[in-house]
Amino acid sequence: MAKIIGLCGSPRKGATEYALERALAAAEVIPGVESELMVLRGKNIKRCTHCNLCMESTTPLPNYCPQDDDMKELIDQFVTGDGFIIASPVYEATVTGLLKDFMDRFRAKAFANLRRGENPFAKNPRVGGGIAVGGTRHGGQELTLTTINNFFLTYEFLVTGGPLGNYLGACVWSKDRKAKGVEEDEVGVERLEKLGKRVAEYAVVLEAGRLAAQEQNLDLSCL
Ligand SMILES: Cc1cc2nc3c(=O)[nH]c(=O)nc-3n(C[C@H](O)[C@H](O)[C@H](O)COP(=O)(O)O)c2cc1C
């Protein structure tokens with residue numbers, strides 16, 4: 001089975017979580033796909049202080065980082081996916097601070113592995129796509145998607161915005177009305193479902209490619 005991880009960057013159960021659930025349900029329509037929803041709301045995620053111990057410590061850090069919070073558990077779950085959908089509400093035309101803190105703290109995991117010559121992810125290569133949910137029609141959804149896509153690029157995901165016409169990912173307009181607003185945005189729902197299916201299709205293809213590479217003893221680590 002190819003696993004799609006859906007990561008929700010909203011601090012509340014509202015429009016974004018609903019949109020992500022719809023995208024994951026669409027992903028599961030693709031045969032051989034299962035999904036897992038991860039939410040950052042309610043989690044204790046401390047901000048990266050750039051102490052650089054993740055890069056410099058000579059002994060492995062128990063949480064990848066000297067900070068004691070929920071990040072290790074979140075990261076250990078996150079890295080198990082074949083495909084990823086990251087969804088964020090639009091805050092000041094970008095992702096929420098909560099999601100950005102998750103992204104910044106992910107650096108510790110990446111470097112902890114890199115220093116040992118390992119890839120931080122269980123599945124390589126892997127694919128990611130984004131969903132941005134704004135209260136206004138043109139409130140910065142594409143800028144938000146750019147931040148999500150840049151996170152994917154930083155950590156070597158293959159990135160998709162979805163099929164032709166989706167461009168950078170799925171842009172959704174909630175009218176600040178939580179799930180009800182998303183439901184009423186027919187175009188947004190169509191886009192997020194297409195995004196979910198496309199991420200799932202690519203995850204299945206990548207899984208098949210990984211198995212073929214193994215059979216040919218092809219080393220994909222490139223490290
Ligand atoms: C601090 C803050 C900043 C916001 N900034 C924007 C914005 O720049 N553009 C926009 O379209 N909506 C903005 N909104 C509205 C939310 O993006 C919108 O209500 C979204 O659907 C919330 O998602 P949620 O229900 O999952 O929390 C902002 C909301 C908050 C609380």
# chains A, B, ... in the order shown; residues from 1 in each chain; ligands from 1
>>> residues_around(residues="range 160-177 of chain A", least_positions_apart="6", cutoff="7 Å", atoms="only C-alpha atoms", output="list in words")
Ala15, Gly128, Gly129, Gly130, Ile131, Ala132, Val133, Gly134, Gly135, Thr136, Arg137, Gln141, Glu142, Leu145, Asp185, Gly188, Arg191, Leu192, Lys194, Leu195 and Arg198 of chain A
>>> residues_near_ligand(ligand="ligand 1", cutoff="10 Å", atoms="only C-alpha atoms and all ligand atoms", output="number ranges by chain")
A: 8-20, 41, 87-97, 132-141, 143-144, 172-182
>>> atom_distance(atom1="CA of Val205 in chain A", atom2="CA of Ile86 in chain A")
19.9 Å
>>> residues_around(residues="range 68-74 of chain A", least_positions_apart="4", cutoff="7 Å", atoms="only C-alpha atoms", output="ChimeraX atom specification")
/A:43-46,63,78
>>> write_last_selection(atoms="N, CA and C atoms", output="PDB file, in the first residue's frame")
ATOM      1  N   LYS A  43      -0.870  20.782  19.475  1.00  0.00           N
ATOM      2  CA  LYS A  43       0.450  20.189  19.713  1.00  0.00           C
ATOM      3  C   LYS A  43       1.408  21.239  20.277  1.00  0.00           C
ATOM      4  N   ASN A  44       2.312  20.743  21.081  1.00  0.00           N
ATOM      5  CA  ASN A  44       3.346  21.606  21.640  1.00  0.00           C
ATOM      6  C   ASN A  44       4.544  21.604  20.687  1.00  0.00           C
ATOM      7  N   ILE A  45       4.675  22.688  19.918  1.00  0.00           N
ATOM      8  CA  ILE A  45       5.774  22.791  18.946  1.00  0.00           C
ATOM      9  C   ILE A  45       6.549  24.068  19.244  1.00  0.00           C
ATOM     10  N   LYS A  46       7.748  23.887  19.800  1.00  0.00           N
ATOM     11  CA  LYS A  46       8.548  25.084  20.116  1.00  0.00           C
ATOM     12  C   LYS A  46       9.247  25.586  18.855  1.00  0.00           C
ATOM     13  N   ASN A  63      15.671  13.915  20.784  1.00  0.00           N
ATOM     14  CA  ASN A  63      14.509  14.437  20.043  1.00  0.00           C
ATOM     15  C   ASN A  63      14.933  15.094  18.731  1.00  0.00           C
ATOM     16  N   PHE A  78       5.450  11.590  10.426  1.00  0.00           N
ATOM     17  CA  PHE A  78       5.457  12.283   9.127  1.00  0.00           C
ATOM     18  C   PHE A  78       6.338  11.570   8.103  1.00  0.00           C
TER      19      PHE A  78
END
>>> residues_around(residues="range 116-122 of chain A", least_positions_apart="3", cutoff="7 Å", atoms="only C-alpha atoms", output="list in words")
Val79, Thr80, Lys109, Ala110, Ala112, Asn113 and Leu223 of chain A
>>> select_by_dssp(residues="chain A", states="alpha helix (DSSP H)", output="JSON, numbers by chain")
{"A": [15, 16, 17, 18, 19, 20, 21, 22, 23, 24, 25, 26, 27, 53, 54, 55, 56, 71, 72, 73, 74, 75, 76, 77, 78, 97, 98, 99, 100, 101, 102, 103, 104, 105, 106, 107, 108, 109, 110, 111, 112, 113, 114, 141, 142, 143, 144, 145, 146, 147, 148, 149, 150, 151, 152, 153, 154, 178, 179, 180, 181, 182, 183, 184, 186, 187, 188, 189, 190, 191, 192, 193, 194, 195, 196, 197, 198, 199, 200, 201, 202, 203, 204, 205, 206, 207, 208, 209, 210, 211, 212, 213, 214, 215]}
>>> closest_residue(among="A:Thr154, A:Pro125, A:Ala108, A:Arg115", to="Thr58 in chain A", atoms="only C-alpha atoms")
A:Arg115
>>> closest_residue(among="A:Leu99, A:Val127, A:Ala2, A:Arg107", to="Thr147 in chain A", atoms="only C-alpha atoms")
A:Leu99
>>> closest_residue(among="A:Met103, A:Val204, A:Val39, A:Leu53", to="Asn150 in chain A", atoms="only C-alpha atoms")
A:Met103
>>> residues_around(residues="Ala208 in chain A", least_positions_apart="2", cutoff="12 Å", atoms="only C-alpha atoms", output="NGL selection string")
:A and (1-2 or 32 or 82 or 123-126 or 201-206 or 210-215)
>>> closest_residue(among="A:Phe111, A:Phe157, A:Tyr64, A:Phe84", to="Ile5 in chain A", atoms="only C-alpha atoms")
A:Phe84
>>> decode(residues="range 93-124 of chain A", atoms="N, CA and C atoms", output="short mmCIF file (atom, residue, chain, number, x, y, z; two decimals), in the first residue's frame")
data_model
loop_
_atom_site.label_atom_id
_atom_site.label_comp_id
_atom_site.auth_asym_id
_atom_site.auth_seq_id
_atom_site.Cartn_x
_atom_site.Cartn_y
_atom_site.Cartn_z
N ALA A 93 -1.25 36.14 4.03
CA ALA A 93 -0.80 35.70 2.71
C ALA A 93 0.31 34.65 2.74
N THR A 94 0.38 33.88 3.85
CA THR A 94 1.33 32.75 3.84
C THR A 94 0.80 31.66 4.79
N VAL A 95 1.65 30.68 5.11
CA VAL A 95 1.20 29.60 6.00
C VAL A 95 1.07 30.10 7.44
N THR A 96 0.41 29.33 8.28
CA THR A 96 0.30 29.70 9.71
C THR A 96 1.67 29.60 10.37
N GLY A 97 1.84 30.35 11.45
CA GLY A 97 3.08 30.25 12.22
C GLY A 97 3.29 28.83 12.74
N LEU A 98 2.19 28.17 13.08
CA LEU A 98 2.25 26.79 13.59
C LEU A 98 2.91 25.86 12.56
N LEU A 99 2.45 25.96 11.32
CA LEU A 99 3.02 25.10 10.27
C LEU A 99 4.46 25.50 9.98
N LYS A 100 4.73 26.80 10.01
CA LYS A 100 6.11 27.25 9.73
C LYS A 100 7.06 26.74 10.81
N ASP A 101 6.60 26.73 12.07
CA ASP A 101 7.45 26.19 13.14
C ASP A 101 7.74 24.71 12.90
N PHE A 102 6.72 23.95 12.45
CA PHE A 102 6.94 22.54 12.12
C PHE A 102 8.00 22.43 11.02
N MET A 103 7.85 23.25 9.99
CA MET A 103 8.80 23.19 8.86
C MET A 103 10.23 23.52 9.32
N ASP A 104 10.36 24.57 10.12
CA ASP A 104 11.69 24.98 10.57
C ASP A 104 12.32 23.88 11.45
N ARG A 105 11.52 23.29 12.29
CA ARG A 105 12.06 22.26 13.19
C ARG A 105 12.39 20.97 12.43
N PHE A 106 11.81 20.78 11.26
CA PHE A 106 12.11 19.57 10.48
C PHE A 106 13.58 19.53 10.07
N ARG A 107 14.19 20.71 9.97
CA ARG A 107 15.61 20.81 9.61
C ARG A 107 16.48 19.93 10.52
N ALA A 108 16.11 19.87 11.82
CA ALA A 108 16.91 19.09 12.78
C ALA A 108 16.93 17.62 12.40
N LYS A 109 15.77 17.09 12.04
CA LYS A 109 15.67 15.68 11.65
C LYS A 109 16.50 15.44 10.38
N ALA A 110 16.36 16.34 9.41
CA ALA A 110 17.05 16.17 8.14
C ALA A 110 18.57 16.14 8.34
N PHE A 111 19.07 17.05 9.17
CA PHE A 111 20.52 17.10 9.35
C PHE A 111 21.04 15.99 10.26
N ALA A 112 20.20 15.58 11.22
CA ALA A 112 20.60 14.46 12.08
C ALA A 112 20.87 13.24 11.21
N ASN A 113 20.02 13.02 10.21
CA ASN A 113 20.20 11.87 9.31
C ASN A 113 21.34 12.10 8.33
N LEU A 114 21.37 13.29 7.76
CA LEU A 114 22.38 13.60 6.75
C LEU A 114 23.80 13.37 7.28
N ARG A 115 24.00 13.74 8.55
CA ARG A 115 25.34 13.59 9.12
C ARG A 115 25.74 12.12 9.25
N ARG A 116 24.72 11.25 9.30
CA ARG A 116 25.02 9.82 9.37
C ARG A 116 24.94 9.18 7.98
N GLY A 117 24.79 9.99 6.96
CA GLY A 117 24.72 9.46 5.59
C GLY A 117 23.41 8.75 5.32
N GLU A 118 22.34 9.16 6.02
CA GLU A 118 21.04 8.50 5.84
C GLU A 118 20.04 9.51 5.29
N ASN A 119 18.99 8.96 4.68
CA ASN A 119 17.89 9.82 4.24
C ASN A 119 16.88 9.91 5.38
N PRO A 120 16.37 11.11 5.68
CA PRO A 120 15.41 11.22 6.79
C PRO A 120 14.07 10.52 6.54
N PHE A 121 13.76 10.20 5.31
CA PHE A 121 12.46 9.61 5.00
C PHE A 121 12.55 8.11 4.82
N ALA A 122 11.45 7.44 5.16
CA ALA A 122 11.40 5.98 4.99
C ALA A 122 11.31 5.64 3.51
N LYS A 123 10.58 6.46 2.74
CA LYS A 123 10.33 6.16 1.33
C LYS A 123 10.98 7.20 0.43
N ASN A 124 11.83 6.74 -0.48
CA ASN A 124 12.50 7.67 -1.39
C ASN A 124 12.46 7.15 -2.81
#
